[in-house]
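*Asks:* Structure file structure39.pdb (PDB, C-alpha atoms, pLDDT in the B column) is given on the next line.
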MODEL        1
ATOM      1  CA  GLN A 645      -0.803   6.989 -31.217  1.00 82.00           C
ATOM      2  CA  VAL A 646      -4.180   8.663 -31.617  1.00 90.00           C
ATOM      3  CA  GLN A 647      -7.388   7.703 -29.873  1.00 95.00           C
ATOM      4  CA  LEU A 648     -10.682   8.725 -31.432  1.00 97.00           C
ATOM      5  CA  VAL A 649     -13.982   8.837 -29.571  1.00 97.00           C
ATOM      6  CA  GLU A 650     -17.226   9.447 -31.416  1.00 98.00           C
ATOM      7  CA  SER A 651     -20.404  10.852 -29.889  1.00 98.00           C
ATOM      8  CA  GLY A 652     -23.730  12.340 -30.913  1.00 98.00           C
ATOM      9  CA  GLY A 653     -25.470   9.345 -32.381  1.00 98.00           C
ATOM     10  CA  GLY A 654     -29.025   8.403 -31.516  1.00 98.00           C
ATOM     11  CA  LEU A 655     -32.517   7.715 -32.754  1.00 98.00           C
ATOM     12  CA  VAL A 656     -34.175  10.312 -34.957  1.00 98.00           C
ATOM     13  CA  GLN A 657     -37.167  10.445 -37.268  1.00 98.00           C
ATOM     14  CA  ALA A 658     -36.733  10.770 -40.991  1.00 98.00           C
ATOM     15  CA  GLY A 659     -36.133  14.382 -41.940  1.00 98.00           C
ATOM     16  CA  GLY A 660     -34.479  15.116 -38.619  1.00 98.00           C
ATOM     17  CA  SER A 661     -30.939  16.091 -37.758  1.00 98.00           C
ATOM     18  CA  LEU A 662     -28.043  14.877 -35.660  1.00 98.00           C
ATOM     19  CA  ARG A 663     -24.559  16.206 -35.088  1.00 98.00           C
ATOM     20  CA  LEU A 664     -21.757  13.724 -34.698  1.00 98.00           C
ATOM     21  CA  SER A 665     -18.511  14.656 -33.003  1.00 98.00           C
ATOM     22  CA  CYS A 666     -15.188  12.866 -32.830  1.00 98.00           C
ATOM     23  CA  ALA A 667     -12.664  13.904 -30.218  1.00 97.00           C
ATOM     24  CA  ALA A 668      -9.033  12.959 -30.747  1.00 96.00           C
ATOM     25  CA  SER A 669      -6.120  12.647 -28.383  1.00 92.00           C
ATOM     26  CA  GLY A 670      -2.634  13.772 -29.321  1.00 78.00           C
ATOM     27  CA  SER A 671      -0.882  17.007 -30.177  1.00 74.00           C
ATOM     28  CA  THR A 672      -0.610  16.604 -33.945  1.00 86.00           C
ATOM     29  CA  PHE A 673      -4.313  16.606 -34.737  1.00 89.00           C
ATOM     30  CA  SER A 674      -4.005  19.508 -37.167  1.00 90.00           C
ATOM     31  CA  SER A 675      -1.722  17.492 -39.432  1.00 91.00           C
ATOM     32  CA  TYR A 676      -4.165  14.623 -39.907  1.00 94.00           C
ATOM     33  CA  GLY A 677      -6.608  13.997 -42.679  1.00 96.00           C
ATOM     34  CA  LEU A 678      -9.949  13.001 -41.127  1.00 97.00           C
ATOM     35  CA  GLY A 679     -12.882  11.014 -42.366  1.00 98.00           C
ATOM     36  CA  TRP A 680     -16.271   9.631 -41.481  1.00 98.00           C
ATOM     37  CA  PHE A 681     -17.394   6.194 -42.594  1.00 98.00           C
ATOM     38  CA  ARG A 682     -20.498   4.167 -41.821  1.00 98.00           C
ATOM     39  CA  GLN A 683     -21.510   0.552 -41.735  1.00 98.00           C
ATOM     40  CA  ALA A 684     -25.048  -0.761 -41.809  1.00 97.00           C
ATOM     41  CA  PRO A 685     -25.883  -4.302 -40.677  1.00 92.00           C
ATOM     42  CA  GLY A 686     -24.931  -6.821 -43.313  1.00 95.00           C
ATOM     43  CA  LYS A 687     -23.175  -4.229 -45.447  1.00 97.00           C
ATOM     44  CA  GLU A 688     -19.604  -3.160 -45.987  1.00 97.00           C
ATOM     45  CA  ARG A 689     -18.223  -0.053 -44.377  1.00 98.00           C
ATOM     46  CA  GLU A 690     -18.589   2.883 -46.740  1.00 98.00           C
ATOM     47  CA  PHE A 691     -17.155   6.360 -47.091  1.00 98.00           C
ATOM     48  CA  VAL A 692     -19.262   9.314 -45.953  1.00 98.00           C
ATOM     49  CA  ALA A 693     -17.083  12.418 -45.833  1.00 98.00           C
ATOM     50  CA  ALA A 694     -13.469  13.553 -45.445  1.00 98.00           C
ATOM     51  CA  ILE A 695     -11.579  16.712 -44.651  1.00 97.00           C
ATOM     52  CA  SER A 696      -7.929  17.287 -45.364  1.00 96.00           C
ATOM     53  CA  ARG A 697      -5.520  19.011 -43.029  1.00 93.00           C
ATOM     54  CA  SER A 698      -5.939  22.162 -45.133  1.00 93.00           C
ATOM     55  CA  GLY A 699      -9.732  22.033 -44.840  1.00 94.00           C
ATOM     56  CA  THR A 700     -10.634  20.685 -48.256  1.00 96.00           C
ATOM     57  CA  THR A 701     -13.719  18.469 -48.080  1.00 97.00           C
ATOM     58  CA  HIS A 702     -15.094  15.543 -50.068  1.00 98.00           C
ATOM     59  CA  TYR A 703     -18.438  13.753 -49.743  1.00 98.00           C
ATOM     60  CA  ALA A 704     -20.124  10.603 -50.874  1.00 98.00           C
ATOM     61  CA  ASP A 705     -22.848  11.384 -53.397  1.00 98.00           C
ATOM     62  CA  SER A 706     -25.457   9.909 -51.083  1.00 98.00           C
ATOM     63  CA  VAL A 707     -24.871  12.564 -48.405  1.00 98.00           C
ATOM     64  CA  LYS A 708     -23.839  15.565 -50.468  1.00 98.00           C
ATOM     65  CA  GLY A 709     -25.920  18.594 -49.583  1.00 97.00           C
ATOM     66  CA  ARG A 710     -27.186  17.014 -46.352  1.00 98.00           C
ATOM     67  CA  PHE A 711     -24.045  16.322 -44.338  1.00 98.00           C
ATOM     68  CA  THR A 712     -21.192  18.753 -43.617  1.00 98.00           C
ATOM     69  CA  ILE A 713     -17.783  17.783 -42.287  1.00 98.00           C
ATOM     70  CA  SER A 714     -15.725  20.326 -40.366  1.00 98.00           C
ATOM     71  CA  ARG A 715     -12.813  20.350 -37.957  1.00 97.00           C
ATOM     72  CA  ASP A 716     -11.747  22.410 -34.985  1.00 96.00           C
ATOM     73  CA  ASN A 717      -8.018  21.933 -34.548  1.00 94.00           C
ATOM     74  CA  ALA A 718      -7.986  23.905 -31.298  1.00 94.00           C
ATOM     75  CA  LYS A 719     -10.377  21.361 -29.803  1.00 95.00           C
ATOM     76  CA  ASN A 720      -8.970  18.295 -31.587  1.00 96.00           C
ATOM     77  CA  THR A 721     -12.443  17.547 -32.846  1.00 97.00           C
ATOM     78  CA  VAL A 722     -14.073  16.728 -36.164  1.00 98.00           C
ATOM     79  CA  PHE A 723     -17.803  17.236 -36.655  1.00 98.00           C
ATOM     80  CA  LEU A 724     -20.473  15.817 -38.916  1.00 98.00           C
ATOM     81  CA  PRO A 725     -23.788  17.671 -38.772  1.00 98.00           C
ATOM     82  CA  MET A 726     -26.360  15.564 -40.591  1.00 98.00           C
ATOM     83  CA  ASN A 727     -29.598  17.044 -41.888  1.00 98.00           C
ATOM     84  CA  ALA A 728     -32.596  15.655 -43.755  1.00 98.00           C
ATOM     85  CA  LEU A 729     -31.805  12.201 -42.446  1.00 98.00           C
ATOM     86  CA  LYS A 730     -33.236   9.186 -44.240  1.00 98.00           C
ATOM     87  CA  PRO A 731     -33.837   5.629 -43.041  1.00 97.00           C
ATOM     88  CA  GLU A 732     -31.038   4.501 -45.348  1.00 97.00           C
ATOM     89  CA  ASP A 733     -28.620   6.631 -43.280  1.00 98.00           C
ATOM     90  CA  THR A 734     -29.076   4.165 -40.428  1.00 98.00           C
ATOM     91  CA  ALA A 735     -25.646   2.744 -39.603  1.00 98.00           C
ATOM     92  CA  ARG A 736     -22.807   2.807 -37.151  1.00 98.00           C
ATOM     93  CA  TYR A 737     -20.672   5.849 -37.907  1.00 98.00           C
ATOM     94  CA  TYR A 738     -16.917   5.781 -37.476  1.00 98.00           C
ATOM     95  CA  CYS A 739     -14.367   8.562 -37.592  1.00 98.00           C
ATOM     96  CA  ALA A 740     -10.838   7.929 -38.753  1.00 97.00           C
ATOM     97  CA  ALA A 741      -7.521   9.773 -38.927  1.00 96.00           C
ATOM     98  CA  ALA A 742      -4.775   9.562 -41.531  1.00 95.00           C
ATOM     99  CA  ARG A 743      -1.220  10.563 -40.628  1.00 88.00           C
ATOM    100  CA  ALA A 744       0.356  11.430 -43.975  1.00 77.00           C
ATOM    101  CA  GLY A 745      -0.532  14.312 -46.302  1.00 82.00           C
ATOM    102  CA  ILE A 746      -2.976  12.261 -48.316  1.00 88.00           C
ATOM    103  CA  PRO A 747      -4.880  13.901 -51.177  1.00 91.00           C
ATOM    104  CA  ILE A 748      -8.526  14.559 -50.458  1.00 91.00           C
ATOM    105  CA  MET A 749      -9.879  12.068 -52.975  1.00 91.00           C
ATOM    106  CA  THR A 750      -7.681   9.334 -51.525  1.00 94.00           C
ATOM    107  CA  LEU A 751      -9.202  10.002 -48.116  1.00 95.00           C
ATOM    108  CA  ALA A 752     -12.325   8.257 -49.437  1.00 96.00           C
ATOM    109  CA  LYS A 753     -10.500   4.956 -49.149  1.00 96.00           C
ATOM    110  CA  MET A 754     -10.516   3.042 -45.893  1.00 97.00           C
ATOM    111  CA  ASN A 755      -6.920   1.914 -46.257  1.00 96.00           C
ATOM    112  CA  SER A 756      -5.751   5.554 -46.196  1.00 96.00           C
ATOM    113  CA  TYR A 757      -6.416   5.701 -42.458  1.00 96.00           C
ATOM    114  CA  ASP A 758      -4.220   4.769 -39.542  1.00 95.00           C
ATOM    115  CA  TYR A 759      -6.592   5.233 -36.625  1.00 95.00           C
ATOM    116  CA  TRP A 760     -10.259   4.439 -36.084  1.00 97.00           C
ATOM    117  CA  GLY A 761     -12.805   5.137 -33.394  1.00 97.00           C
ATOM    118  CA  GLN A 762     -15.282   2.638 -31.986  1.00 97.00           C
ATOM    119  CA  GLY A 763     -18.239   4.240 -33.688  1.00 98.00           C
ATOM    120  CA  THR A 764     -21.573   5.737 -32.712  1.00 98.00           C
ATOM    121  CA  GLN A 765     -24.945   4.367 -33.759  1.00 98.00           C
ATOM    122  CA  VAL A 766     -27.337   6.422 -35.848  1.00 98.00           C
ATOM    123  CA  THR A 767     -30.853   5.100 -36.335  1.00 98.00           C
ATOM    124  CA  VAL A 768     -33.359   6.900 -38.539  1.00 98.00           C
ATOM    125  CA  SER A 769     -36.963   5.799 -38.272  1.00 97.00           C
ATOM    126  CA  SER A 770     -39.441   6.172 -41.103  1.00 94.00           C
TER     127      SER A 770
ENDMDL
END
Take the structure in the file and write it out as structure tokens.
*Replies:*
Amino acid sequence: QVQLVESGGGLVQAGGSLRLSCAASGSTFSSYGLGWFRQAPGKEREFVAAISRSGTTHYADSVKGRFTISRDNAKNTVFLPMNALKPEDTARYYCAAARAGIPIMTLAKMNSYDYWGQGTQVTVSS
């Protein structure tokens, strides 16, 4: 069982930056594929970024070049620095962990994940 706790959300003006973190419990963190998803009010949850256990990354087109996913296995933490934020980035952001050795492109799918955090709210004002 893995518990995920997100932090770092908040209110920021357009063009600003935030850095999300997701701390995980458990001793097998390094073996997990990890992802960030987001859900805006009235919309479906969507993929943002993923990182495989080997460090390969994949991004949604909407965040490519602005967001960067990384992981620190020693600290059981996955990060999502977000730059050049836009009002359309406003959403609740969730991190997720996948147990098996799932290919990086498959980590863009919600059903690839076994564990989810409760989310952290990001609001970008115009």
*Asks:* Assuming the chain letters and numbering stay as they are in my file, what does the PyMOL selection byres ((chain A and resi 729-734) around 6) actually select? List them as a list of chain:residue names.
*Replies:*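 Applying the expression gives A:Ala658, A:Gly659, A:Gly660, A:Asn727, A:Ala728, A:Ala735, A:Val766, A:Thr767, A:Val768, A:Ser769, A:Ser770.
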*Asks:* Starting from the PyMOL selection byres ((chain A and resi 695) around 10), expand the selection into actual residues of this file and give them as a list in words.
*Replies:*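 Against this file, the PyMOL selection byres ((chain A and resi 695) around 10) returns the residues Tyr676, Gly677, Leu678, Gly679, Trp680, Ala693, Ala694, Ser696, Arg697, Ser698, Gly699, Thr700, Thr701, His702, Tyr703, Thr712, Ile713, Ser714, Arg715, Val722, Ala741, Pro747, Ile748, Met749, Leu751 and Ala752 of chain A.
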*Asks:* If you measure from CA of Arg736 in chain A to CA of Pro685 in chain A, what distance in Å do you get, rounded to one decimal?
*Replies:* 8.5 Å
*Asks:* Calculate how many Å separate CA of Val692 in chain A from CA of Val646 in chain A, rounding to one decimal.
*Replies:*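 Going from CA of Val692 in chain A over to CA of Val646 in chain A covers 20.8 Å.
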*Asks:* Compute the distance from (-32.4, 8.0, -27.3) to each atom, counting all atoms listed in the file, keep the residues with any atom at most 12 Å away, and return them as a PyMOL selection string; use the coordinates of the file.
*Replies:* chain A and resi 652-657+662+765-768
*Asks:* For a quick check of understanding, using all atoms listed in the file, which of A:Leu724, A:Ala718, A:Ile746, A:Cys739 has the smallest distance to Thr672 in chain A?
*Replies:* A:Ala718
*Asks:* Measure the distance from CA of Ser669 in chain A to CA of Thr764 in chain A in Å and round it to one decimal.
*Replies:*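 Those two atoms sit 17.5 Å apart.
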*Asks:* Counting all atoms listed in the file, which of A:Tyr757, A:Leu648, A:Arg689, A:Arg743 gets nearest to Ala668 in chain A?
*Replies:*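 Nearest candidate to Ala668 in chain A out of A:Tyr757, A:Leu648, A:Arg689, A:Arg743: A:Leu648.
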*Asks:* Env of Gln645 in chain A: 9 Å cut, atoms = all atoms listed in the file, seq-sep filter 2 positions within chain, self excluded. Answer as a list in words.
*Replies:*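 Neighbouring residues, sequence-local ones excluded: Gln647, Ser669, Gly670 and Tyr759 of chain A.
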*Asks:* Within 6 Å of (-17.7, 7.2, -33.9) (coordinates as in the file), grab all the protein and nucleic acid residues, counting only C-alpha atoms, and write them out as an NGL selection string.
*Replies:* :A and (649-650 or 737-739 or 761-764)
*Asks:* Assuming 3 Å of padding per side, give the centre and edge lengths of the axis-aligned box around every listed atom of range 667-674 of chain A, in Å to one decimal and as JSON.
*Replies:*
{"center_x": -6.6, "center_y": 16.1, "center_z": -32.8, "size_x": 18.1, "size_y": 12.9, "size_z": 14.8}
*Asks:* Counting all atoms listed in the file, figure out which residue out of A:Val707, A:Ala684, A:Ala740, A:Met754 gets nearest to Ser665 in chain A.
*Replies:*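 Of A:Val707, A:Ala684, A:Ala740, A:Met754, the one nearest Ser665 in chain A, counting all atoms listed in the file, is A:Ala740.
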